[in-house]
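**Q** Below you'll find the structure I mean.
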Amino acid sequence: LLEQIYDIKEDLISGLSGNVESARFDIEAKITDPDPAALRKMTREQQRAMLLPLLTDRFQLKVHTETKTLPVYDLVVLPSGPKFKPSATQTDHGGGSTGISDTGSRVKLSAHDLPMTSLAKSLADQVHRTVIDKTGLVGNFDLQMMWSKDDKSDSGEEALPNIFTAVQEQLGLKLESGKGPVETLVVDQAKMPSGN
């Protein structure tokens, strides 16, 4: 729940301990006077914010954020330039759409109207490390890439590169190892909830 509500990876959360950390919960919640049309229009951030009172009320949750210097990948443009085009739509909300299809060992990422900060976030989910957008590319873009999770090719299919090579060959970008500021979540208090 913390990962979902705060949009943070599990290894960037600290401070949970004891019964709360090891326990598993069945949670049923409902929205009073729901407006289906309004719910469909809610952003992911708004949806996550609706769950926060559940944790603060039921678990007496108290947290704070800390910025730490941790290993990161910097997303940079290769000297040859990017291999994708600006989106024709250029919506100003900056959300865009990203689709990731995973067939076991092969992964395809397709994006439409996507800012580079969102691409960095999508790549971070795949490489399990914070990715910082240092491309300097402004606006939204349409792009796609395919890679393999391992070095083996699937039953006669054309072998695909790993994600790092795919970023270079297919996007004209590069993931460079480095250290940088990463926001972490520290749990100051979380108590076992009482029964209903």
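Residue numbers start at 1 in each chain; chains themselves are named A, B, ... in the order of the structure tokens; ligands are numbered from 1 in the order shown.
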List as JSON lines every residue of range 50-114 of chain A that is in contact with range 174-187 of chain A, defined as an atom at most 7 Å from one of its atoms (using only C-alpha atoms), together with the nearest atom pair and the distance in Å rounded to one decimal, sorted by chain and then rising number.
**A**
```
{"residue": "A:Lys62", "atom": "CA", "partner": "A:Val187", "partner_atom": "CA", "distance": 6.2}
{"residue": "A:Val63", "atom": "CA", "partner": "A:Val187", "partner_atom": "CA", "distance": 4.4}
{"residue": "A:His64", "atom": "CA", "partner": "A:Val186", "partner_atom": "CA", "distance": 5.4}
{"residue": "A:Thr65", "atom": "CA", "partner": "A:Leu185", "partner_atom": "CA", "distance": 4.6}
{"residue": "A:Glu66", "atom": "CA", "partner": "A:Thr184", "partner_atom": "CA", "distance": 5.2}
{"residue": "A:Thr67", "atom": "CA", "partner": "A:Glu183", "partner_atom": "CA", "distance": 4.3}
{"residue": "A:Lys68", "atom": "CA", "partner": "A:Val182", "partner_atom": "CA", "distance": 5.4}
{"residue": "A:Thr69", "atom": "CA", "partner": "A:Pro181", "partner_atom": "CA", "distance": 4.7}
{"residue": "A:Leu70", "atom": "CA", "partner": "A:Lys179", "partner_atom": "CA", "distance": 5.3}
{"residue": "A:Pro71", "atom": "CA", "partner": "A:Lys179", "partner_atom": "CA", "distance": 4.4}
{"residue": "A:Val72", "atom": "CA", "partner": "A:Lys179", "partner_atom": "CA", "distance": 5.2}
{"residue": "A:Tyr73", "atom": "CA", "partner": "A:Ser177", "partner_atom": "CA", "distance": 4.7}
{"residue": "A:Asp74", "atom": "CA", "partner": "A:Glu176", "partner_atom": "CA", "distance": 5.1}
{"residue": "A:Leu75", "atom": "CA", "partner": "A:Leu175", "partner_atom": "CA", "distance": 4.8}
{"residue": "A:Val76", "atom": "CA", "partner": "A:Lys174", "partner_atom": "CA", "distance": 5.3}
{"residue": "A:Val77", "atom": "CA", "partner": "A:Lys174", "partner_atom": "CA", "distance": 6.2}
{"residue": "A:Leu78", "atom": "CA", "partner": "A:Lys174", "partner_atom": "CA", "distance": 6.4}
```
**Q** Since we have the selection now, will you write its residues out, keeping C-alpha atoms, as a PDB file, in the first residue's frame?
**A**
```pdb
ATOM      1  CA  LYS A  62       3.163   8.939  10.186  1.00  0.00           C
ATOM      2  CA  VAL A  63       5.891   9.307   7.559  1.00  0.00           C
ATOM      3  CA  HIS A  64       8.393  11.787   6.237  1.00  0.00           C
ATOM      4  CA  THR A  65      10.614  11.905   3.163  1.00  0.00           C
ATOM      5  CA  GLU A  66      14.403  12.049   3.099  1.00  0.00           C
ATOM      6  CA  THR A  67      16.612  12.694   0.123  1.00  0.00           C
ATOM      7  CA  LYS A  68      19.626  10.397   0.021  1.00  0.00           C
ATOM      8  CA  THR A  69      22.510  10.055  -2.397  1.00  0.00           C
ATOM      9  CA  LEU A  70      22.072   6.625  -3.974  1.00  0.00           C
ATOM     10  CA  PRO A  71      23.041   4.788  -7.174  1.00  0.00           C
ATOM     11  CA  VAL A  72      20.992   6.073 -10.119  1.00  0.00           C
ATOM     12  CA  TYR A  73      21.007   5.985 -13.898  1.00  0.00           C
ATOM     13  CA  ASP A  74      21.201   9.272 -15.777  1.00  0.00           C
ATOM     14  CA  LEU A  75      19.193   9.225 -19.024  1.00  0.00           C
ATOM     15  CA  VAL A  76      21.225  11.170 -21.591  1.00  0.00           C
ATOM     16  CA  VAL A  77      21.130  11.717 -25.354  1.00  0.00           C
ATOM     17  CA  LEU A  78      23.834  10.064 -27.474  1.00  0.00           C
TER      18      LEU A  78
END
```
**Q** Pick out the residues sitting within 10 Å of Pro193 in chain A, and hand them over as a list in words; count only C-alpha atoms, and ignore anything fewer than 5 positions along from it in its own chain.
**A**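 The residues that qualify are Val20, Phe25, Leu55, Asp57, Arg58, Phe59 and Gln60 of chain A.
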**Q** Dump C-alpha atoms for the selected residues as a PDB file, in the first residue's frame?
**A**
```
ATOM      1  CA  VAL A  20       2.924  -4.324  10.846  1.00  0.00           C
ATOM      2  CA  PHE A  25      -4.297  -7.556   5.544  1.00  0.00           C
ATOM      3  CA  LEU A  55      -3.507   4.342   6.355  1.00  0.00           C
ATOM      4  CA  ASP A  57      -6.713   6.559  10.290  1.00  0.00           C
ATOM      5  CA  ARG A  58      -6.496   2.794  10.595  1.00  0.00           C
ATOM      6  CA  PHE A  59      -2.719   2.360  11.031  1.00  0.00           C
ATOM      7  CA  GLN A  60      -2.006   5.749  12.645  1.00  0.00           C
TER       8      GLN A  60
END
```
**Q** Between A:Ser122, A:Lys134, A:Ala23, A:Leu109, which has the minimum distance to Ala166 in chain A (counting only C-alpha atoms)?
**A**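 The answer is A:Leu109, which sits nearest to Ala166 in chain A.
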**Q** Take CA of Ser14 in chain A and CA of Leu2 in chain A and report the distance between them in Å, one decimal.
**A**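 The value is 10.7 Å.
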**Q** Just list the residues in range 4-171 of chain A DSSP gives helix (DSSP H, G or I) on the backbone, as a VMD selection string.
**A** chain A and resid 4 to 6 10 to 12 18 to 22 36 to 41 44 to 58 116 to 127 163 to 171
**Q** Run DSSP on the backbone and tell me which residues of range 71-160 of chain A come out as strand (DSSP E or B); list them as an NGL selection string.
**A** :A and (71-77 or 85-86 or 97-102 or 106-115 or 131-133 or 140-148)
**Q** I want to know what sits within 9 Å of Ala120 in chain A, based on only C-alpha atoms, with residues of the same chain fewer than 5 positions away left out; could you give that as a list in words?
**A**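 In the requested format, the answer is Asp74, Leu75, Pro115, Asp125, Thr130, Val131, Ile132 and Asp133 of chain A.
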**Q** Rank nothing, just name the residue among A:Glu169, A:Asp113, A:Leu52, A:Met146 nearest to Lys83 in chain A, using only C-alpha atoms.
**A**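 When distances to Lys83 in chain A are compared using only C-alpha atoms, the smallest one comes from A:Glu169.
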**Q** Interatomic distance between CA of Lys30 in chain A and CA of Gln189 in chain A?
**A**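 Distance reported for this atom pair: 25.0 Å.
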**Q** List the spatial neighbours of Ser22 in chain A as a list in words - criterion: any atom at most 12 Å away, only C-alpha atoms, same-chain residues fewer than 5 positions off excluded.
**A** Leu16, Ser17 and Met192 of chain A
**Q** Taking into account only C-alpha atoms, which residue in the set A:Thr103, A:Thr43, A:Ser110, A:Asn19 is nearest to Ser148 in chain A?
**A** A:Thr103
**Q** Which is closer to Leu160 in chain A than all the others in A:Ile100, A:Leu173, A:Met145, A:Ala88, using only C-alpha atoms?
**A**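 Closest residue, counting only C-alpha atoms: A:Met145.
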**Q** I'd like the interatomic distance between CA of Lys121 in chain A and CA of Val167 in chain A, to a tenth of an Å.
**A** 13.8 Å
**Q** In terms of the shortest atom-to-atom distance over only C-alpha atoms, which of A:Thr89, A:Ser105, A:Ser194, A:Gln144 is closest to Gln170 in chain A?
**A**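 Of the candidates, the smallest distance to Gln170 in chain A is held by A:Gln144.
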